[in-house]
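Trainee: Next comes the structure file my_file.pdb, holding PDB, C-alpha atoms.
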ATOM      1  CA  MET A 116      85.164 125.358 111.939
ATOM      2  CA  ARG A 117      83.159 126.219 108.831
ATOM      3  CA  PHE A 118      83.528 129.937 109.649
ATOM      4  CA  LEU A 119      87.304 129.539 109.992
ATOM      5  CA  PHE A 120      87.523 127.710 106.665
ATOM      6  CA  SER A 121      85.447 130.429 104.937
ATOM      7  CA  PHE A 122      87.666 133.106 106.487
ATOM      8  CA  LEU A 123      90.783 131.407 105.109
ATOM      9  CA  ILE A 124      89.258 131.236 101.645
ATOM     10  CA  LEU A 125      88.261 134.911 101.684
ATOM     11  CA  THR A 126      91.705 135.883 102.944
ATOM     12  CA  ALA A 127      93.238 133.838 100.131
ATOM     13  CA  VAL A 128      91.182 135.427  97.404
ATOM     14  CA  TYR A 129      91.428 139.011  98.466
ATOM     15  CA  GLY A 130      94.574 138.991 100.586
ATOM     16  CA  GLY A 131      96.801 136.999  98.198
ATOM     17  CA  THR A 132      98.241 134.674 100.875
ATOM     18  CA  PHE A 133      96.592 131.748 102.651
ATOM     19  CA  GLN A 134      97.494 128.820 104.884
ATOM     20  CA  THR A 135      97.887 125.213 103.760
ATOM     21  CA  ALA A 136      99.152 122.019 105.367
ATOM     22  CA  MET A 137     102.474 122.547 103.539
ATOM     23  CA  GLY A 138     102.920 126.208 104.530
ATOM     24  CA  ASP A 139     101.618 129.631 103.528
ATOM     25  CA  CYS A 140     100.893 130.042  99.835
ATOM     26  CA  GLU A 141     100.752 133.161  97.673
ATOM     27  CA  ILE A 142      99.005 133.217  94.295
ATOM     28  CA  LEU A 143     100.206 135.622  91.612
ATOM     29  CA  LEU A 144      98.097 135.992  88.467
ATOM     30  CA  ASP A 145      95.994 138.477  86.555
ATOM     31  CA  ALA A 146      94.091 140.412  89.219
ATOM     32  CA  GLY A 147      90.942 140.353  87.101
ATOM     33  CA  ASP A 148      90.630 136.563  87.089
ATOM     34  CA  LYS A 149      89.137 136.112  90.558
ATOM     35  CA  ASP A 150      87.277 132.940  89.558
ATOM     36  CA  LEU A 151      90.511 131.147  88.624
ATOM     37  CA  GLU A 152      92.193 132.455  91.776
ATOM     38  CA  LYS A 153      89.388 130.987  93.921
ATOM     39  CA  LYS A 154      89.660 127.629  92.160
ATOM     40  CA  ILE A 155      93.453 127.485  92.606
ATOM     41  CA  THR A 156      93.107 128.460  96.254
ATOM     42  CA  GLN A 157      90.511 125.789  96.985
ATOM     43  CA  ILE A 158      92.394 122.985  95.230
ATOM     44  CA  THR A 159      95.705 123.982  96.876
ATOM     45  CA  ILE A 160      94.208 123.857 100.376
ATOM     46  CA  ASP A 161      92.419 120.557  99.716
ATOM     47  CA  ILE A 162      95.291 118.728  98.009
ATOM     48  CA  SER A 163      97.920 119.902 100.503
ATOM     49  CA  GLU A 164      95.833 118.531 103.352
ATOM     50  CA  LYS A 165      95.164 115.295 101.455
ATOM     51  CA  MET A 166      98.859 114.678 100.745
ATOM     52  CA  VAL A 167      99.888 115.323 104.354
ATOM     53  CA  LYS A 168      97.216 112.891 105.575
ATOM     54  CA  GLU A 169      98.159 110.190 103.080
ATOM     55  CA  PHE A 170     101.936 110.550 102.896
ATOM     56  CA  GLY A 171     102.858 112.116 106.248
ATOM     57  CA  GLU A 172     103.704 115.572 107.551
ATOM     58  CA  VAL A 173     106.486 117.618 106.038
ATOM     59  CA  GLN A 174     108.261 120.724 107.258
ATOM     60  CA  PRO A 175     105.972 123.693 106.433
ATOM     61  CA  LYS A 176     107.550 126.151 104.050
ATOM     62  CA  ASP A 177     106.129 129.197 102.261
ATOM     63  CA  PHE A 178     105.529 128.692  98.540
ATOM     64  CA  SER A 179     103.951 130.545  95.650
ATOM     65  CA  ILE A 180     101.891 129.740  92.572
ATOM     66  CA  VAL A 181     102.522 131.998  89.579
ATOM     67  CA  VAL A 182     100.294 131.978  86.481
ATOM     68  CA  VAL A 183     102.013 133.696  83.541
ATOM     69  CA  PRO A 184     100.159 135.259  80.580
ATOM     70  CA  SER A 185     102.528 134.239  77.769
ATOM     71  CA  LYS A 186     104.935 131.553  76.622
ATOM     72  CA  ASP A 187     107.822 134.037  76.605
ATOM     73  CA  GLU A 188     107.099 134.970  80.213
ATOM     74  CA  PHE A 189     107.006 131.280  81.131
ATOM     75  CA  ILE A 190     110.454 130.741  79.592
ATOM     76  CA  ARG A 191     111.780 133.828  81.350
ATOM     77  CA  LYS A 192     110.384 132.842  84.753
ATOM     78  CA  THR A 193     111.596 129.229  84.505
ATOM     79  CA  LYS A 194     115.014 130.386  83.220
ATOM     80  CA  GLY A 195     114.918 127.698  80.538
ATOM     81  CA  HIS A 196     114.664 124.831  83.052
ATOM     82  CA  ALA A 197     111.263 123.659  81.769
ATOM     83  CA  PRO A 198     111.095 121.349  78.731
ATOM     84  CA  GLU A 199     109.664 122.957  75.599
ATOM     85  CA  TRP A 200     106.523 120.808  75.743
ATOM     86  CA  SER A 201     105.704 121.527  79.408
ATOM     87  CA  MET A 202     102.816 123.693  80.620
ATOM     88  CA  ALA A 203     104.096 124.053  84.189
ATOM     89  CA  VAL A 204     107.084 123.468  86.427
ATOM     90  CA  ALA A 205     107.669 123.245  90.176
ATOM     91  CA  MET A 206     110.977 124.840  91.172
ATOM     92  CA  ASN A 207     112.607 123.396  94.268
ATOM     93  CA  ARG A 208     115.037 126.178  95.122
ATOM     94  CA  THR A 209     112.414 128.940  95.186
ATOM     95  CA  SER A 210     109.455 126.742  96.221
ATOM     96  CA  THR A 211     107.480 128.130  93.291
ATOM     97  CA  ILE A 212     105.012 126.608  90.857
ATOM     98  CA  ILE A 213     104.973 128.430  87.508
ATOM     99  CA  LEU A 214     102.087 127.682  85.150
ATOM    100  CA  GLN A 215     101.061 128.931  81.741
ATOM    101  CA  SER A 216      97.603 130.473  81.751
ATOM    102  CA  PRO A 217      94.733 128.327  80.395
ATOM    103  CA  ALA A 218      94.182 131.110  77.858
ATOM    104  CA  ILE A 219      97.502 130.390  76.114
ATOM    105  CA  THR A 220      97.553 126.600  76.542
ATOM    106  CA  HIS A 221      93.919 126.311  75.394
ATOM    107  CA  ILE A 222      92.926 123.850  78.101
ATOM    108  CA  SER A 223      89.849 123.807  80.321
ATOM    109  CA  TYR A 224      89.839 125.034  83.914
ATOM    110  CA  ASN A 225      89.445 121.426  85.093
ATOM    111  CA  ARG A 226      92.496 120.272  83.135
ATOM    112  CA  PHE A 227      94.425 123.312  84.383
ATOM    113  CA  LEU A 228      93.587 122.411  87.988
ATOM    114  CA  ASP A 229      94.853 118.860  87.356
ATOM    115  CA  VAL A 230      98.181 120.434  86.353
ATOM    116  CA  VAL A 231      98.163 122.461  89.591
ATOM    117  CA  VAL A 232      97.656 119.230  91.584
ATOM    118  CA  HIS A 233     100.469 117.552  89.643
ATOM    119  CA  GLU A 234     102.897 120.353  90.496
ATOM    120  CA  LEU A 235     101.768 120.505  94.146
ATOM    121  CA  ASN A 236     102.754 116.853  94.427
ATOM    122  CA  HIS A 237     106.244 117.773  93.207
ATOM    123  CA  LEU A 238     106.450 120.501  95.856
ATOM    124  CA  TYR A 239     105.503 117.959  98.506
ATOM    125  CA  LEU A 240     108.260 115.605  97.323
ATOM    126  CA  TYR A 241     110.752 118.472  97.507
ATOM    127  CA  ARG A 242     110.036 118.611 101.270
ATOM    128  CA  VAL A 243     111.123 114.968 101.711
ATOM    129  CA  SER A 244     114.723 114.425 102.825
ATOM    130  CA  LYS A 245     117.098 113.223 100.092
ATOM    131  CA  ASN A 246     114.469 114.125  97.483
ATOM    132  CA  GLY A 247     117.236 114.338  94.905
ATOM    133  CA  THR A 248     117.369 110.525  94.883
ATOM    134  CA  PHE A 249     113.795 110.159  93.591
ATOM    135  CA  PRO A 250     113.901 108.628  90.103
ATOM    136  CA  SER A 251     111.820 110.466  87.516
ATOM    137  CA  TRP A 252     109.443 107.527  87.037
ATOM    138  CA  PHE A 253     108.479 107.712  90.722
ATOM    139  CA  SER A 254     108.060 111.491  91.082
ATOM    140  CA  GLU A 255     106.180 111.863  87.791
ATOM    141  CA  GLY A 256     104.130 108.706  88.304
ATOM    142  CA  LEU A 257     103.060 109.728  91.802
ATOM    143  CA  ALA A 258     102.126 113.221  90.555
ATOM    144  CA  MET A 259     100.004 111.680  87.789
ATOM    145  CA  ARG A 260      98.318 109.402  90.310
ATOM    146  CA  GLN A 261      97.564 112.363  92.574
ATOM    147  CA  ALA A 262      96.097 114.391  89.693
ATOM    148  CA  GLY A 263      94.171 111.485  88.138
ATOM    149  CA  GLU A 264      96.017 111.963  84.836
ATOM    150  CA  PHE A 265      96.583 108.291  83.987
ATOM    151  CA  SER A 266      94.201 108.109  81.030
ATOM    152  CA  VAL A 267      92.921 105.274  78.842
ATOM    153  CA  LEU A 268      95.091 106.690  76.051
ATOM    154  CA  HIS A 269      98.207 106.203  78.222
ATOM    155  CA  LYS A 270      97.145 102.604  78.872
ATOM    156  CA  ILE A 271      96.546 101.916  75.177
ATOM    157  CA  ARG A 272     100.013 103.263  74.324
ATOM    158  CA  ILE A 273     101.535 100.997  76.980
ATOM    159  CA  SER A 274      99.661  98.048  75.465
ATOM    160  CA  GLN A 275     100.840  98.913  71.957
ATOM    161  CA  ALA A 276     104.441  99.303  73.142
ATOM    162  CA  LYS A 277     104.242  95.981  74.948
ATOM    163  CA  TRP A 278     103.162  94.164  71.769
ATOM    164  CA  ARG A 279     105.863  95.954  69.759
ATOM    165  CA  ASN A 280     108.392  94.937  72.420
ATOM    166  CA  ASP A 281     109.072  98.651  72.839
ATOM    167  CA  LEU A 282     108.418  99.166  76.572
ATOM    168  CA  LEU A 283     110.952 101.310  78.432
ATOM    169  CA  PRO A 284     112.765  99.605  81.333
ATOM    170  CA  ILE A 285     112.201 101.487  84.592
ATOM    171  CA  SER A 286     115.910 102.225  84.809
ATOM    172  CA  ARG A 287     115.633 104.256  81.585
ATOM    173  CA  ILE A 288     112.840 106.495  82.902
ATOM    174  CA  HIS A 289     115.227 108.473  85.072
ATOM    175  CA  SER A 290     114.652 111.803  83.313
ATOM    176  CA  MET A 291     111.722 112.897  81.140
ATOM    177  CA  ARG A 292     113.910 115.460  79.382
ATOM    178  CA  ILE A 293     115.940 112.891  77.461
ATOM    179  CA  HIS A 294     112.995 111.224  75.716
ATOM    180  CA  PRO A 295     111.971 112.312  72.189
ATOM    181  CA  SER A 296     108.576 113.985  71.900
ATOM    182  CA  ASN A 297     106.969 110.857  70.405
ATOM    183  CA  LYS A 298     108.015 108.867  73.503
ATOM    184  CA  ILE A 299     106.990 111.384  76.179
ATOM    185  CA  SER A 300     103.400 110.164  76.539
ATOM    186  CA  LEU A 301     104.587 106.544  76.791
ATOM    187  CA  ALA A 302     107.232 107.484  79.384
ATOM    188  CA  TYR A 303     104.672 109.309  81.531
ATOM    189  CA  GLY A 304     102.190 106.462  81.145
ATOM    190  CA  GLN A 305     104.772 103.870  82.179
ATOM    191  CA  ALA A 306     105.780 106.027  85.153
ATOM    192  CA  ALA A 307     102.163 106.130  86.342
ATOM    193  CA  ALA A 308     101.774 102.381  85.754
ATOM    194  CA  ALA A 309     104.890 101.738  87.869
ATOM    195  CA  VAL A 310     103.458 103.733  90.777
ATOM    196  CA  TYR A 311     100.122 101.910  90.535
ATOM    197  CA  ALA A 312     102.049  98.619  90.420
ATOM    198  CA  MET A 313     103.812  99.609  93.669
ATOM    199  CA  GLU A 314     100.449 100.244  95.292
ATOM    200  CA  TYR A 315      99.065  96.956  93.933
ATOM    201  CA  TYR A 316     101.916  94.741  95.178
ATOM    202  CA  TYR A 317     102.928  96.529  98.392
ATOM    203  CA  GLY A 318      99.734  98.239  99.580
ATOM    204  CA  SER A 319      98.484 101.821  99.629
ATOM    205  CA  SER A 320     100.717 102.716 102.604
ATOM    206  CA  VAL A 321     103.923 101.995 100.664
ATOM    207  CA  PHE A 322     104.513 105.658  99.770
ATOM    208  CA  ALA A 323     104.123 106.955 103.330
ATOM    209  CA  LEU A 324     106.430 104.214 104.607
ATOM    210  CA  ILE A 325     109.113 105.082 102.050
ATOM    211  CA  PHE A 326     108.917 108.785 102.935
ATOM    212  CA  GLU A 327     109.161 107.889 106.609
ATOM    213  CA  GLU A 328     112.387 105.986 105.931
ATOM    214  CA  MET A 329     113.748 108.948 103.979
ATOM    215  CA  ASN A 330     112.794 111.616 106.535
ATOM    216  CA  SER A 331     114.237 112.192 109.955
ATOM    217  CA  LEU A 332     112.487 109.892 112.433
ATOM    218  CA  GLY A 333     113.104 111.988 115.521
ATOM    219  CA  PRO A 334     115.982 112.484 118.009
ATOM    220  CA  ASN A 335     115.596 109.024 119.572
ATOM    221  CA  SER A 336     115.653 107.125 116.300
ATOM    222  CA  THR A 337     118.630 104.887 115.554
ATOM    223  CA  LYS A 338     117.855 104.804 111.846
ATOM    224  CA  VAL A 339     119.777 106.887 109.360
ATOM    225  CA  LYS A 340     117.919 108.799 106.651
ATOM    226  CA  ALA A 341     117.721 106.613 103.582
ATOM    227  CA  ASP A 342     117.897 107.479  99.918
ATOM    228  CA  PHE A 343     114.999 106.326  97.736
ATOM    229  CA  GLN A 344     116.542 103.028  96.650
ATOM    230  CA  THR A 345     117.414 102.036 100.201
ATOM    231  CA  ALA A 346     114.022 103.102 101.548
ATOM    232  CA  PHE A 347     112.269 101.195  98.754
ATOM    233  CA  GLN A 348     114.152  98.024  99.616
ATOM    234  CA  ARG A 349     113.569  98.382 103.362
ATOM    235  CA  VAL A 350     109.814  98.818 102.897
ATOM    236  CA  THR A 351     109.110  96.367 100.053
ATOM    237  CA  HIS A 352     111.905  93.799 100.688
ATOM    238  CA  ASN A 353     112.497  93.919  96.933
ATOM    239  CA  ASP A 354     115.292  95.514  94.975
ATOM    240  CA  GLN A 355     114.703  97.368  91.712
ATOM    241  CA  LEU A 356     115.190  94.258  89.563
ATOM    242  CA  ASP A 357     112.603  92.357  91.621
ATOM    243  CA  PHE A 358     110.165  95.232  91.229
ATOM    244  CA  GLN A 359     110.800  95.541  87.498
ATOM    245  CA  ASP A 360     109.755  91.885  87.065
ATOM    246  CA  LYS A 361     106.595  92.603  89.069
ATOM    247  CA  TYR A 362     106.034  95.757  87.028
ATOM    248  CA  PHE A 363     106.125  93.943  83.686
ATOM    249  CA  SER A 364     103.806  91.278  85.114
ATOM    250  CA  TYR A 365     101.428  94.054  86.179
ATOM    251  CA  ILE A 366     101.419  95.445  82.639
ATOM    252  CA  ARG A 367     100.706  91.993  81.154
ATOM    253  CA  GLU A 368      97.845  91.412  83.584
ATOM    254  CA  ASN A 369      96.216  94.828  83.240
ATOM    255  CA  TYR A 370      97.059  96.392  79.872
ATOM    256  CA  ASN A 371      97.930  93.467  77.603
ATOM    257  CA  TRP A 372      94.932  93.658  75.271
ATOM    258  CA  LEU A 373      94.006  97.322  75.613
ATOM    259  CA  PHE A 374      95.454  98.111  72.183
ATOM    260  CA  LEU A 375      92.301  96.449  70.825
ATOM    261  CA  LEU A 376      90.308  99.424  72.130
ATOM    262  CA  LYS A 377      91.946 101.592  69.506
ATOM    263  CA  ILE A 378      90.969  99.104  66.801
ATOM    264  CA  THR A 379      87.460  98.981  68.250
ATOM    265  CA  ASN A 380      87.300 102.756  68.204
ATOM    266  CA  LEU A 381      88.282 102.751  64.549
ATOM    267  CA  VAL A 382      85.510 100.256  63.865
ATOM    268  CA  PHE A 383      82.994 102.461  65.665
ATOM    269  CA  ILE A 384      84.199 105.452  63.634
ATOM    270  CA  ALA A 385      84.019 103.526  60.370
ATOM    271  CA  LEU A 386      80.701 101.792  61.127
ATOM    272  CA  PRO A 387      78.463 104.864  60.642
ATOM    273  CA  ILE A 388      80.251 105.603  57.363
ATOM    274  CA  ILE A 389      79.697 102.009  56.231
ATOM    275  CA  LEU A 390      76.028 102.128  57.257
ATOM    276  CA  ILE A 391      75.438 105.455  55.527
ATOM    277  CA  GLY A 392      77.220 104.204  52.408
ATOM    278  CA  GLY A 393      75.159 100.996  52.496
ATOM    279  CA  TYR A 394      71.941 102.978  52.887
ATOM    280  CA  TYR A 395      72.647 105.139  49.844
ATOM    281  CA  TYR A 396      73.825 102.143  47.842
ATOM    282  CA  LYS A 397      70.634 100.245  48.673
ATOM    283  CA  ARG A 398      68.445 103.267  47.984
ATOM    284  CA  ASN A 399      70.122 103.821  44.627
ATOM    285  CA  ARG A 400      69.758 100.134  43.765
ATOM    286  CA  ASN A 401      66.063 100.216  44.707
ATOM    287  CA  LYS A 402      65.587 103.304  42.567
ATOM    288  CA  LYS A 403      67.088 101.464  39.611
ATOM    289  CA  LYS A 404      64.830  98.465  40.253
ATOM    290  CA  LEU A 405      61.747 100.697  40.441
ATOM    291  CA  ALA A 406      62.741 102.424  37.210
ATOM    292  CA  PHE A 407      63.268  99.037  35.539
ATOM    293  CA  TRP A 408      59.894  97.744  36.742
ATOM    294  CA  GLN A 409      58.192 100.956  35.620
ATOM    295  CA  ALA A 410      59.779 100.630  32.191
ATOM    296  CA  GLU A 411      58.582  97.027  31.967
ATOM    297  CA  GLU A 412      55.012  98.077  32.875
ATOM    298  CA  GLU A 413      55.083 100.845  30.271
ATOM    299  CA  LEU A 414      56.282  98.360  27.639
ATOM    300  CA  GLU A 415      53.499  95.925  28.588
ATOM    301  CA  ASP A 416      50.920  98.743  28.337
ATOM    302  CA  LEU A 417      52.293  99.747  24.946
ATOM    303  CA  GLN A 418      52.208  96.155  23.757
ATOM    304  CA  ASN A 419      48.552  95.853  24.862
ATOM    305  CA  ILE A 420      47.672  99.020  22.953
ATOM    306  CA  ILE A 421      49.384  97.663  19.823
ATOM    307  CA  ASP A 422      47.566  94.332  20.156
ATOM    308  CA  GLU A 423      44.192  96.058  20.569
ATOM    309  CA  THR A 424      44.871  98.264  17.563
ATOM    310  CA  ASP A 425      45.769  95.228  15.415
ATOM    311  CA  GLY A 426      42.576  93.481  16.492
ATOM    312  CA  ASP A 427      40.395  96.440  15.583
ATOM    313  CA  THR A 428      41.995  96.658  12.141
ATOM    314  CA  GLN A 429      41.338  92.972  11.425
ATOM    315  CA  TYR A 430      37.733  93.272  12.585
ATOM    316  CA  ASN A 431      37.029  96.210  10.276
TER     317      ASN A 431
END
Can I see the file as structure tokens?
Mentor:
Amino acid sequence: MRFLFSFLILTAVYGGTFQTAMGDCEILLDAGDKDLEKKITQITIDISEKMVKEFGEVQPKDFSIVVVPSKDEFIRKTKGHAPEWSMAVAMNRTSTIILQSPAITHISYNRFLDVVVHELNHLYLYRVSKNGTFPSWFSEGLAMRQAGEFSVLHKIRISQAKWRNDLLPISRIHSMRIHPSNKISLAYGQAAAAVYAMEYYYGSSVFALIFEEMNSLGPNSTKVKADFQTAFQRVTHNDQLDFQDKYFSYIRENYNWLFLLKITNLVFIALPIILIGGYYYKRNRNKKKLAFWQAEEELEDLQNIIDETDGDTQYN
């Protein structure tokens, strides 16, 4: 088994095409960057297998991963479908993931591989029947969960928005394209929080069960393929309004006071400055005290000399 796995990896790196649980994949990037090609290959094989095990099998279909060397090439390849702020896009019609090279986005290899995982999750969702009914908050939130992108910063922004009464209702997170740039991070964070709330209230199998309702269940099944909303209700026994109430409760229970972390961070940043300033202030004050005491001693010595001189004069 280990030999077979090694053979697949070698074929992927030097042959350009390799097998995954979602179908054969081809990587297209600068031929000189073999290290990045190996990393993409490994993560694609691993994540594809992980998603199929967790969410269920999908119809295998060939796909490709293209890493472009410039922003202009990215725009040309995506035909303007990608938002201006995006680093990557998964295209359903061509089953292609197009990514900007780490060299032009100035991100680490590890962060780049997180983006690859994010886009692979989108490709998986494209294999689910009636995938066009997925709301943006679900597809983006699940991709962030898969890639481990839900950061403390996202949680702090959710907390701040909650206290400003500025949280986005789930129904408004239906497309990331419509949000202004200053709201994008909050929208993505809320999408991830919604997916984690689903897992919290309905169990870790909720996603697989929803996909099962949406996919064909075999020739003997009496069920009809469901859209996302119908599948969600069948599995959770809640409609979207019920879930939105649960979602806001989840935010209150988990992220309510996280905005204080930002204040705490500011304190930690300011504290060294305060300590250094206090040190120099104290040192300067001590210097002044020492100078004052030295001046007093010199005056006392001078006074003693004057007194001794007066005494000698009187004696003579």
Trainee: What does the structure give for the distance between atom CA of Lys176 of chain A and atom CA of Leu235 of chain A, in Å to one decimal?
Mentor: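 It comes out at 12.8 Å.
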Trainee: On this structure, the PyMOL selection byres ((chain A and resi 152) around 10) would catch which residues? List them as a count of residues only, sorted by chain and number.
Mentor: 20
Trainee: Select, from A:Val173, A:Glu141, A:Asp161, A:Ser210, the residue with the minimum atom-to-atom distance to Val232 of chain A, counting only C-alpha atoms.
Mentor: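 Going through A:Val173, A:Glu141, A:Asp161, A:Ser210 one by one, the smallest distance to Val232 of chain A is for A:Asp161.
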Trainee: Using all atoms listed in the file, which of A:Val321, A:Ala218, A:Val181, A:Val267 sits nearest Glu169 of chain A?
Mentor: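 Among the listed residues, A:Val321 lies closest to Glu169 of chain A.
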Trainee: What lies within 10 Å of Arg367 of chain A using all atoms listed in the file, ignoring chain neighbours under 5 positions off, as a list in words?
Mentor: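 Within the cut-off, the hits are Ile273, Ser274, Lys277, Trp278, Lys361, Tyr362 and Trp372 of chain A.
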Trainee: What residues come out when you apply the PyMOL selection byres ((chain A and resi 354-357) around 12) to this file, written as a PyMOL selection string?
Mentor: chain A and resi 250+284-286+309+313+316+343-353+358-364
Trainee: What's the 12 Å shell around Ala136 of chain A, counting all atoms listed in the file, without same-chain residues fewer than 3 positions away, as a VMD selection string?
Mentor: chain A and resid 133 139 to 140 159 to 168 171 to 178 235 239
Trainee: Ranking A:Tyr241, A:Phe265, A:Phe170, A:Trp200 by minimum distance to Gly304 of chain A and counting only C-alpha atoms, which one comes first?
Mentor: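 Among the listed residues, the smallest separation from Gly304 of chain A belongs to A:Phe265.
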Trainee: So which residues touch Trp252 of chain A within 10 Å, counting only C-alpha atoms, skipping near sequence neighbours fewer than 5 positions away, as a PDB file with C-alpha atoms, in the frame of the given file?
Mentor:
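Listed below is the output, selection-v8.pdb:
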ATOM      1  CA  LEU A 257     103.060 109.728  91.802  1.00  0.00           C
ATOM      2  CA  ALA A 258     102.126 113.221  90.555  1.00  0.00           C
ATOM      3  CA  ILE A 285     112.201 101.487  84.592  1.00  0.00           C
ATOM      4  CA  SER A 286     115.910 102.225  84.809  1.00  0.00           C
ATOM      5  CA  ARG A 287     115.633 104.256  81.585  1.00  0.00           C
ATOM      6  CA  ILE A 288     112.840 106.495  82.902  1.00  0.00           C
ATOM      7  CA  HIS A 289     115.227 108.473  85.072  1.00  0.00           C
ATOM      8  CA  SER A 290     114.652 111.803  83.313  1.00  0.00           C
ATOM      9  CA  MET A 291     111.722 112.897  81.140  1.00  0.00           C
ATOM     10  CA  ALA A 302     107.232 107.484  79.384  1.00  0.00           C
ATOM     11  CA  TYR A 303     104.672 109.309  81.531  1.00  0.00           C
ATOM     12  CA  GLY A 304     102.190 106.462  81.145  1.00  0.00           C
ATOM     13  CA  GLN A 305     104.772 103.870  82.179  1.00  0.00           C
ATOM     14  CA  ALA A 306     105.780 106.027  85.153  1.00  0.00           C
ATOM     15  CA  ALA A 307     102.163 106.130  86.342  1.00  0.00           C
ATOM     16  CA  ALA A 308     101.774 102.381  85.754  1.00  0.00           C
ATOM     17  CA  ALA A 309     104.890 101.738  87.869  1.00  0.00           C
ATOM     18  CA  VAL A 310     103.458 103.733  90.777  1.00  0.00           C
TER      19      VAL A 310
END
Trainee: Can you complete the atoms of segment 189-203 of chain A to N, CA, C and O atoms and list them as a PDB file, keeping the file's coordinate frame?
Mentor:
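Result written to result-v1.pdb:
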ATOM      1  N   PHE A 189     106.778 132.584  80.509  1.00  0.00           N
ATOM      2  CA  PHE A 189     107.006 131.280  81.131  1.00  0.00           C
ATOM      3  C   PHE A 189     108.478 130.887  81.004  1.00  0.00           C
ATOM      4  O   PHE A 189     109.103 130.435  81.972  1.00  0.00           O
ATOM      5  N   ILE A 190     109.043 131.068  79.824  1.00  0.00           N
ATOM      6  CA  ILE A 190     110.454 130.741  79.592  1.00  0.00           C
ATOM      7  C   ILE A 190     111.346 131.622  80.461  1.00  0.00           C
ATOM      8  O   ILE A 190     112.328 131.155  81.044  1.00  0.00           O
ATOM      9  N   ARG A 191     110.971 132.904  80.547  1.00  0.00           N
ATOM     10  CA  ARG A 191     111.780 133.828  81.350  1.00  0.00           C
ATOM     11  C   ARG A 191     111.731 133.463  82.827  1.00  0.00           C
ATOM     12  O   ARG A 191     112.755 133.424  83.512  1.00  0.00           O
ATOM     13  N   LYS A 192     110.545 133.153  83.336  1.00  0.00           N
ATOM     14  CA  LYS A 192     110.384 132.842  84.753  1.00  0.00           C
ATOM     15  C   LYS A 192     111.058 131.515  85.129  1.00  0.00           C
ATOM     16  O   LYS A 192     111.600 131.362  86.218  1.00  0.00           O
ATOM     17  N   THR A 193     111.011 130.542  84.212  1.00  0.00           N
ATOM     18  CA  THR A 193     111.596 129.229  84.505  1.00  0.00           C
ATOM     19  C   THR A 193     113.080 129.179  84.155  1.00  0.00           C
ATOM     20  O   THR A 193     113.730 128.156  84.397  1.00  0.00           O
ATOM     21  N   LYS A 194     113.585 130.274  83.560  1.00  0.00           N
ATOM     22  CA  LYS A 194     115.014 130.386  83.220  1.00  0.00           C
ATOM     23  C   LYS A 194     115.483 129.228  82.335  1.00  0.00           C
ATOM     24  O   LYS A 194     116.605 128.734  82.454  1.00  0.00           O
ATOM     25  N   GLY A 195     114.572 128.757  81.478  1.00  0.00           N
ATOM     26  CA  GLY A 195     114.918 127.698  80.538  1.00  0.00           C
ATOM     27  C   GLY A 195     114.986 126.310  81.136  1.00  0.00           C
ATOM     28  O   GLY A 195     115.397 125.363  80.466  1.00  0.00           O
ATOM     29  N   HIS A 196     114.579 126.141  82.401  1.00  0.00           N
ATOM     30  CA  HIS A 196     114.664 124.831  83.052  1.00  0.00           C
ATOM     31  C   HIS A 196     113.511 123.912  82.646  1.00  0.00           C
ATOM     32  O   HIS A 196     113.597 122.696  82.826  1.00  0.00           O
ATOM     33  N   ALA A 197     112.427 124.474  82.135  1.00  0.00           N
ATOM     34  CA  ALA A 197     111.263 123.659  81.769  1.00  0.00           C
ATOM     35  C   ALA A 197     111.417 123.130  80.348  1.00  0.00           C
ATOM     36  O   ALA A 197     111.863 123.864  79.459  1.00  0.00           O
ATOM     37  N   PRO A 198     111.067 121.868  80.098  1.00  0.00           N
ATOM     38  CA  PRO A 198     111.095 121.349  78.731  1.00  0.00           C
ATOM     39  C   PRO A 198     110.169 122.159  77.828  1.00  0.00           C
ATOM     40  O   PRO A 198     109.187 122.762  78.299  1.00  0.00           O
ATOM     41  N   GLU A 199     110.435 122.151  76.551  1.00  0.00           N
ATOM     42  CA  GLU A 199     109.664 122.957  75.599  1.00  0.00           C
ATOM     43  C   GLU A 199     108.191 122.575  75.594  1.00  0.00           C
ATOM     44  O   GLU A 199     107.317 123.420  75.380  1.00  0.00           O
ATOM     45  N   TRP A 200     107.894 121.283  75.836  1.00  0.00           N
ATOM     46  CA  TRP A 200     106.523 120.808  75.743  1.00  0.00           C
ATOM     47  C   TRP A 200     105.744 120.978  77.051  1.00  0.00           C
ATOM     48  O   TRP A 200     104.557 120.676  77.114  1.00  0.00           O
ATOM     49  N   SER A 201     106.374 121.472  78.107  1.00  0.00           N
ATOM     50  CA  SER A 201     105.704 121.527  79.408  1.00  0.00           C
ATOM     51  C   SER A 201     104.804 122.755  79.532  1.00  0.00           C
ATOM     52  O   SER A 201     105.061 123.797  78.939  1.00  0.00           O
ATOM     53  N   MET A 202     103.734 122.594  80.329  1.00  0.00           N
ATOM     54  CA  MET A 202     102.816 123.693  80.620  1.00  0.00           C
ATOM     55  C   MET A 202     103.099 124.311  81.981  1.00  0.00           C
ATOM     56  O   MET A 202     102.608 125.393  82.297  1.00  0.00           O
ATOM     57  N   ALA A 203     103.862 123.597  82.818  1.00  0.00           N
ATOM     58  CA  ALA A 203     104.096 124.053  84.189  1.00  0.00           C
ATOM     59  C   ALA A 203     105.368 123.418  84.721  1.00  0.00           C
ATOM     60  O   ALA A 203     105.848 122.406  84.197  1.00  0.00           O
TER      61      ALA A 203
END
